[in-house]
Amino acid sequence: MNTEQFLVKSQLKKVDTASFTWQTPSNIALVKYWGKSNPQIPKNASISFTLNNCHTITTVDFVRKQHSKLDSESQKVVAFNLFFEGKQKDEFKPKIADFFDRIQAYCPYIIEYEMTINSENSFPHSSGIASSASGLSAIAMCLMSLEKELSAELSTEFIHKKASFLARLGSGSASRSIEGPLVVWGKHPEIEGSSDLFGVQFPHKVHAVFENYQDVILLVDKGEKQVSSTVGHKLMHEHPYAENRFKQANENLGKMSKILQEGNTKDFINLVESEALTLHAMMMTSNPYFILMKPNTLEIINKIWEYRAAENSAICFTLDAGANVHVLFPEREKKKVNKFIKKELSGYCDNNQYIYDSVGFGAKRILK
Ligand code: DP6
């Protein structure tokens with residue numbers, strides 16, 4: 001695999017201080033990534049809608065270490081401080097430290113800096129929405145801004161590609177949070193340019209019905225998940241149905257590509273809901289087995305099915321690795337579906353909380 005392209009080969013400039021701020025989005029997978037091998041290589045290709053409103057804003061301040069410090073052995077560790085919503089968050093540090101370790105070969109310059117990372121999410125803290133995708137993609141974009149300043153011209157295309165490559169090493173789904181509106185991660189014969197190493201924009205023209213698709217996220221359970229995604233992915237190694245699942249997901253991605261181009265919402269609904277339930281079926285058939293859905297997740301799913309049948313609507317649901325429900329529907333149904341959600345579904349949410357979102361276009365630099 002060609003990781004060589006991401007090594008820094010040119011002589012780097014000396015920059016003493018720098019600061020960059022990026023806003024990067026969360027994403028919701030239509031065909032799911034569940035199962036990986038080392039280092040963060042997916043067992044199947046996945047595709048997601050990039051979101052617009054659920055995002056992380058991260059500033060990284062870089063201060064070059066003094067020369068004496070640079071030479072000493074102890075300075076071979078990556079030095080950083082982490083603040084989340086204004087508060088020092090040492091409990092988040094190990095995941096970020098692992099991330100820095102994995103990317104050091106590709107970003108050798110990070111060792112020369114003391115980094116201060118300040119992060120905040122647009123969605124409520126512990127809403128059960130995974131923040132690793134938006135969180136890690138935001139740090140990756142800040143690093144790429146520094147790399148651009150340190151080295152000769154880097155094209156925007158390369159910056160996006162490498163940022164996605166780096167983000168993937170922190171969290172697989174983060175590789176799909178650099179661009180939008182639809183991103184594929186994982187090598188797939190029908191997606192030109194696709195790779196296990198980074199996400200690529202869906203290369204085909206998408207039917208108008210899927211433009212500005214809506215996603216209302218129903219916050220069913222805001223508590224900490226009992227089983228993390230990392231553990232869930234690992235359980236796929238010994239899983240009796242794993243090989244079939246990986247094959248099915250790749251086939252589904254081929255089908256999804258056609259659906260997105262042709263605009264067949266019936267087939268879209270069928271595939272998206274089947275993917276969501278299959279993901280959770282994999283969890284339930286792991287050993288140890290686990291269930292992340294809650295009773296209200298199922299109540300909501302049944303209500304969505306009833307509404308779809310009664311209103312001849314193109315509404316459907318998907319799930320990520322948790323109890324929350326993503327309600328997907330075309331923009332033309334927005335008014336009616338939003339009323340339905342408020343009246344019929346919000347009662348199943350923790351504190352009646354839900355988030356309006358829609359498809360977005362990826363990372364944005366914020367100039368301060
Ligand atoms: C169910 O990307 O959170 O949301 O690579 O271990 O960080 P790590 O896992 P993560 O897994 C996400 C799984 C999923 C499906 C998906 O987003 O494709």
# chains A, B, ... in the order shown; residues from 1 in each chain; ligands from 1
>>> residues_around(residues="A:Ser229", least_positions_apart="5", cutoff="12 Å", atoms="only C-alpha atoms", output="JSON, numbers by chain")
{"A": [33, 34, 35, 36, 130, 132, 133, 171, 172, 173, 224, 234, 235, 236, 279, 280, 283, 290, 292, 320, 321, 322]}
>>> residues_around(residues="stretch 200-208 of chain A", least_positions_apart="4", cutoff="12 Å", atoms="only C-alpha atoms", output="VMD selection string")
chain A and resid 45 to 50 157 to 158 160 to 165 175 to 188 190 to 196 212 to 213 253 to 254 256 to 265 268 330 to 332 361 to 362
>>> closest_residue(among="A:Val78, A:Val227, A:Val220, A:Leu328", to="ligand 1", atoms="only C-alpha atoms and all ligand atoms")
A:Val227
>>> residues_around(residues="A:Ala18", least_positions_apart="4", cutoff="8 Å", atoms="only C-alpha atoms", output="PyMOL selection string")
chain A and resi 61-63+146
>>> write_last_selection(atoms="N, CA, C and O atoms", output="PDB file, in the first residue's frame")
ATOM      1  N   ASP A  61      -2.491  25.362  18.922  1.00  0.00           N
ATOM      2  CA  ASP A  61      -1.389  26.339  18.998  1.00  0.00           C
ATOM      3  C   ASP A  61      -0.092  25.556  19.037  1.00  0.00           C
ATOM      4  O   ASP A  61       0.061  24.628  19.845  1.00  0.00           O
ATOM      5  N   PHE A  62       0.820  25.933  18.154  1.00  0.00           N
ATOM      6  CA  PHE A  62       2.118  25.250  18.084  1.00  0.00           C
ATOM      7  C   PHE A  62       3.210  26.219  18.542  1.00  0.00           C
ATOM      8  O   PHE A  62       3.294  27.337  18.025  1.00  0.00           O
ATOM      9  N   VAL A  63       4.003  25.784  19.505  1.00  0.00           N
ATOM     10  CA  VAL A  63       5.158  26.597  19.926  1.00  0.00           C
ATOM     11  C   VAL A  63       6.380  25.708  19.798  1.00  0.00           C
ATOM     12  O   VAL A  63       6.428  24.615  20.394  1.00  0.00           O
ATOM     13  N   LEU A 146      -0.225  23.326   9.457  1.00  0.00           N
ATOM     14  CA  LEU A 146       1.167  23.564   9.870  1.00  0.00           C
ATOM     15  C   LEU A 146       2.118  23.022   8.803  1.00  0.00           C
ATOM     16  O   LEU A 146       3.069  23.705   8.400  1.00  0.00           O
TER      17      LEU A 146
END
>>> atom_distance(atom1="atom CA of A:Val359", atom2="atom CA of A:Glu211")
7.6 Å
>>> closest_residue(among="A:Glu243, A:Glu149, A:Asp16, A:Asp221", to="A:Ala323", atoms="only C-alpha atoms")
A:Asp221
>>> closest_residue(among="A:Pro288, A:Thr59, A:Tyr109, A:Leu319", to="ligand 1", atoms="only C-alpha atoms and all ligand atoms")
A:Leu319
>>> select_by_dssp(residues="stretch 39-86 of chain A", states="alpha helix (DSSP H)", output="MDAnalysis selection string")
chainID A and resid 67:71
>>> atom_distance(atom1="atom CA of A:Ile129", atom2="atom CA of A:Asn324")
7.8 Å
>>> residues_around(residues="stretch 85-98 of chain A", least_positions_apart="6", cutoff="9 Å", atoms="only C-alpha atoms", output="VMD selection string")
chain A and resid 78 to 79 118 to 121 136 170
>>> write_last_selection(atoms="N, CA, C and O atoms", output="PDB file, in the first residue's frame")
ATOM      1  N   VAL A  78       5.886  13.274  22.158  1.00  0.00           N
ATOM      2  CA  VAL A  78       5.056  14.357  21.627  1.00  0.00           C
ATOM      3  C   VAL A  78       4.455  15.119  22.811  1.00  0.00           C
ATOM      4  O   VAL A  78       3.869  14.520  23.709  1.00  0.00           O
ATOM      5  N   ALA A  79       4.660  16.433  22.817  1.00  0.00           N
ATOM      6  CA  ALA A  79       4.203  17.241  23.955  1.00  0.00           C
ATOM      7  C   ALA A  79       2.914  17.970  23.603  1.00  0.00           C
ATOM      8  O   ALA A  79       2.878  18.733  22.634  1.00  0.00           O
ATOM      9  N   ASN A 118      -7.345  23.024  21.756  1.00  0.00           N
ATOM     10  CA  ASN A 118      -8.602  23.503  22.345  1.00  0.00           C
ATOM     11  C   ASN A 118      -9.750  23.077  21.462  1.00  0.00           C
ATOM     12  O   ASN A 118      -9.802  23.452  20.297  1.00  0.00           O
ATOM     13  N   SER A 119     -10.673  22.311  22.027  1.00  0.00           N
ATOM     14  CA  SER A 119     -11.717  21.732  21.200  1.00  0.00           C
ATOM     15  C   SER A 119     -13.100  21.983  21.771  1.00  0.00           C
ATOM     16  O   SER A 119     -13.270  22.000  22.993  1.00  0.00           O
ATOM     17  N   GLU A 120     -14.068  22.189  20.906  1.00  0.00           N
ATOM     18  CA  GLU A 120     -15.463  22.233  21.374  1.00  0.00           C
ATOM     19  C   GLU A 120     -16.379  21.623  20.321  1.00  0.00           C
ATOM     20  O   GLU A 120     -16.079  21.676  19.120  1.00  0.00           O
ATOM     21  N   ASN A 121     -17.466  21.041  20.777  1.00  0.00           N
ATOM     22  CA  ASN A 121     -18.426  20.422  19.859  1.00  0.00           C
ATOM     23  C   ASN A 121     -19.683  21.276  19.747  1.00  0.00           C
ATOM     24  O   ASN A 121     -20.074  21.925  20.717  1.00  0.00           O
ATOM     25  N   LEU A 136     -10.996  14.089  15.643  1.00  0.00           N
ATOM     26  CA  LEU A 136      -9.696  13.736  15.073  1.00  0.00           C
ATOM     27  C   LEU A 136      -9.476  14.353  13.698  1.00  0.00           C
ATOM     28  O   LEU A 136      -8.346  14.706  13.336  1.00  0.00           O
ATOM     29  N   GLY A 170      -6.347   7.838  13.657  1.00  0.00           N
ATOM     30  CA  GLY A 170      -6.915   8.141  14.977  1.00  0.00           C
ATOM     31  C   GLY A 170      -8.234   7.418  15.185  1.00  0.00           C
ATOM     32  O   GLY A 170      -8.472   6.804  16.222  1.00  0.00           O
TER      33      GLY A 170
END
>>> atom_distance(atom1="atom CA of A:Asp215", atom2="atom 6 (O, counted along the ligand's line) of ligand 1")
23.3 Å
>>> closest_residue(among="A:Lys266, A:Lys222, A:Lys14, A:His326", to="ligand 1", atoms="only C-alpha atoms and all ligand atoms")
A:His326
>>> residues_around(residues="A:Ile300", least_positions_apart="2", cutoff="12 Å", atoms="only C-alpha atoms", output="PyMOL selection string")
chain A and resi 217-220+293-298+302-307+316-319+323-327+340-341+344-349
>>> write_last_selection(atoms="C-alpha atoms", output="compact mmCIF listing (two decimals), in the first residue's frame")
# COMPACT_ATOMS: atom_id res chain seq x y z
CA ILE A 217 -30.69 12.83 15.29
CA LEU A 218 -32.88 11.60 18.11
CA LEU A 219 -30.93 11.49 21.35
CA VAL A 220 -32.36 8.37 22.94
CA MET A 293 -30.25 -0.30 21.22
CA LYS A 294 -32.68 0.74 23.96
CA PRO A 295 -36.43 0.10 24.17
CA ASN A 296 -37.03 3.62 22.85
CA THR A 297 -34.82 2.93 19.83
CA LEU A 298 -37.28 0.19 18.85
CA ASN A 302 -41.77 1.17 14.69
CA LYS A 303 -43.22 4.70 14.60
CA ILE A 304 -41.07 5.51 11.55
CA TRP A 305 -42.35 2.39 9.78
CA GLU A 306 -45.96 3.29 10.61
CA TYR A 307 -45.52 6.86 9.39
CA CYS A 316 -36.02 5.95 7.04
CA PHE A 317 -33.69 5.41 9.96
CA THR A 318 -30.12 4.48 10.54
CA LEU A 319 -28.10 3.79 13.68
CA ALA A 323 -29.02 3.87 20.91
CA ASN A 324 -29.59 7.17 19.08
CA VAL A 325 -31.63 7.13 15.89
CA HIS A 326 -30.75 9.11 12.77
CA VAL A 327 -33.93 9.92 10.84
CA PHE A 340 -44.11 14.25 13.02
CA ILE A 341 -40.82 14.09 14.90
CA GLU A 344 -44.59 11.55 17.81
CA LEU A 345 -40.89 10.88 18.34
CA SER A 346 -39.46 13.54 20.64
CA GLY A 347 -41.14 11.90 23.65
CA TYR A 348 -38.83 8.89 23.24
CA CYS A 349 -35.73 11.09 23.46
>>> residues_around(residues="stretch 2-9 of chain A", least_positions_apart="3", cutoff="8 Å", atoms="only C-alpha atoms", output="NGL selection string")
:A and (105-108 or 162 or 197)
